[in-house]
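Scroll down for the structure; my scribbles are underneath it.
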Amino acid sequence: MPTPSQSKTSANAGPTGSTAAEDDAFLGSALALTALSLVATVGMGRLFKDGSFLVPMGATALAVHAVSWWARRLGLGLGAGLLAGVGAVGLTVAWVALPHTTAYGIPWAGTWHAAGQALSQSWAEFSKVVAPAPVTKGFLIASMGGVGVTAMLADWAAYRVRATFEPLLPSFTLFLFASALGAPRHRAAATGFYVAAALLFLVVHQAALRADTTAWFASRSRGGVGALLQGAAVIGLTAVLAAVFVGPSLPGAGAKGLISWRKAGDSGNRDRVTTSPLVDIRGRLVSLSDIEVFTVKSTARAYWQLTTLDTFDGRIWSSNSTYRTVKNTLPGGITDEVKQAKVVQDFRIEGLDAIWLPVAYRPARIDGVKGVSYNAELGSIISKQSTSDGLEYKVESEIPEFRPDALATADAALSPGRRFLDLPVLPSQVTRLAQQLTAGATTQYARAKALQDFFRNNFKYDLRVRPGHDDRALLNFLFRDRRGYCEQFAGAYAAMARAVGLPARVAVGFTPGEPDDDGVFHVRGLNAHAWPEVFLGQFGWVAFEPTPGRGRPGAEAYTGVAEAQANPADITTATTATPTTTATTAAPGGTATTRPRDSQVDAGGNGGLLPKRRLSPFLRALAVVAVLALLWLVSVPLLLRRRRARRRAGAANPVERVLVAWQEAGEALARAGTPQRPSETVHEYARRGPAAASLDQEAQQAMHALGQQAAMASYAAGALPAETVARSVAAATTVEAAVRRQAGWRTRWAWMLDARPLLPRRTRQITGKAGSRRAA
């Protein structure tokens, strides 16, 4: 409802005394601060392998700055503004990083559980990973939180405290973090853009502060600010260009630093801690499925292994092993009891973006690349560079040809080490299931194959599952969902194998890929794969294949699984190299290995830990509607009450208080269906409005009196008597009460939940007296 005159204090005045007009004066500064946050966010690209972090983190920065701006516009206090910023970060994380965990966009307990698991996993990896790191969910969520916190702190310092230099500190901390831990790539560009963005913000923000606080400057703000910005732009641009292009050419620019704060060089024998490549598998399978990561010309098809993971902490499989620099010949070998085939491979790495060099296990010699390191126990080769991309090399491997009857003679007394049996405390259901599945097997090989057959015959391949290996994920996978991809199959198999005394580990690499006419295998992201290996006495590490739709080349004799890999047209299906049929086989040693059906497996029940049924889509939608309705029911009345209180508090003098009373009475009449017409004067509306609304005589007289007082206040040169203010407030209260009495309870509820008064409205003109108009 417009008032006869324009209030000198905006209804949007914030808790620091800022008005909407003052906030508009800082609009350029706010845009510059947002740009600074985005530049600092882009600079964090030195921490990650690819640019998939940019959209989620950029969206976080934009969301926090936008929400903080509107919080000030609505007059929210510091605490409410910070809560709004935290809410913006939470919703952005849920919608952008964890959309599959929400119910129609509404975050649930599962969303925060998934975020907690991802953050816990990233914390365990943080001390091990070396930039550039893969963009895992945990690292992404943590980074989004960091960007959100820095944006909130910068906004608080700039517009709540009205400081000049302090708003730079949060983004500068982010910039220093990326510089200290990030890869050296794009260092000059990142520094130059950040300095330019910081200078831009300082100039624009200082101009806004001066325009807001200095009367002389305000009266000349247009020319003064323009001149200031022009001069600063020239100086800042010159400084940035000189730093980026001239600085690197100065004498001593490339010399070694006085203090070596980074780690030593990459050469020589040293311990390397490798982050689990399992965290990258799903991204390759889904996001990078069509990207070619490397090519290999090989004399035989094989799984191209990157590394093996020997440590399981209950959340993730990882490896912590010592690599030794080698030249050409690789130490280790295979016992004479195993027949082996020599396989020669010529690799060309294109988009692998990892420190490992893929090889066919077990490698015996490598040529064409210098400075590589090797771990014979893992059969893993790593580059001295931060990535193996661009390398071309030749590998000779000795691939064992295992026979079932020979594997049945594996000596259980031989062990690769206690760590391959180490396990955290697993849920009792998992251990009981593993023991039951292997109870009838009399040899190590028979137990290993029984576990493999259980997965292949009772589970389905599906990428639409939550990644991870924690207790809840493991229980979901084994007892409820019974679907997943290689990460779940390999990790669950290895854990269950260790639970029954089989030394096991998880291998990570790629399936053969698709060959061309020249015999060159083209390996893509969709070929990323993980599989378990079991140590079988004198035969060493033997690979098994529990993942449905996948089959290791040359292993069908002892696994009973034909070669198969992902179909390029649909990565959820498989292509088989040599179609064959297999039946239930008899494991050497006299014990038949059966394939238990679901009805034959007794895992001891779920123990009440996992729900067996999920809500139907209709019930989910109903729950979402109920939650939204509850939020509306609670928030709209509170916001309307806050709007009314803010408007009254903004009335700084008796004149404005009378006009607010007139506005409140007019809004009540408008709700009753008689709003003021654009052509009506105050007196005309005071006579027509209450009569048209059929209010009682007392209310009509009160509105007439209030109209006279509002018209007087509209043209009052000075303060009004206190009794005039009191009469105006009482008259408005009388009119509002009469309107409420006349309306039914349904109408009153509709008014209470009507959010339209909260929407911003344009300023309009009304007539105070005939021939005179005042802004409202």
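Within each chain, counting starts at residue 1; across the structure tokens, chains are named A, B, ... in the order shown, with ligands numbered 1 upward in that order.
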
Subject >> All residues 10 Å or closer to Tyr159 of chain A, only C-alpha atoms, same chain fewer than 4 positions away omitted, as a count of residues only >> reply: 16

Subject >> For Ala354 of chain A: contacts at 9 Å, only C-alpha atoms, fewer than 6 positions along chain excluded, given as a count of residues only >> reply: 8

Subject >> Spatial neighbours of Pro132 of chain A, 7 Å, only C-alpha atoms, chain gap at least 4 places, as a ChimeraX atom specification >> reply: /A:46-49,182-183

**OP:** Would you mind listing what lies within 10 Å of segment 697-707 of chain A as a PyMOL selection string, with only C-alpha atoms counted and same-chain residues fewer than 4 positions away left out?
**Re:** chain A and resi 4+658-659+661-662+665-666+681-691+693+711-713+724-725+727-739+768

Original post:
What's the 8 Å shell around Arg315 of chain A, counting only C-alpha atoms, without same-chain residues fewer than 4 positions away, as a PyMOL selection string?
Top reply: chain A and resi 121+468-471

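Distance-wise, atom CA of Val359 of chain A and atom CA of Leu306 of chain A end up 6.7 Å apart.
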
**OP:** Pick out the residues sitting within 12 Å of Phe347 of chain A, and hand them over as a list in words; count only C-alpha atoms, and ignore anything fewer than 4 positions along from it in its own chain.
**Re:**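 The neighbour list is Val293, Phe294, Thr295, Val296, Lys297, Ser298, Trp304, Leu352, Leu357, Pro358, Val359, Ala360, Ile366, Asp367, Gly368, Val369, Ser388, Asp389, Gly390, Leu391, Glu392, Tyr393, Lys394, Val395, Glu396, Val520, Phe521, His522 and Val523 of chain A.
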
Subject >> Residue list (helix (DSSP H, G or I), DSSP) for segment 60-185 of chain A, as a PyMOL selection string >> reply: chain A and resi 60-73+78-97+99-101+109-126+137-160+168-181
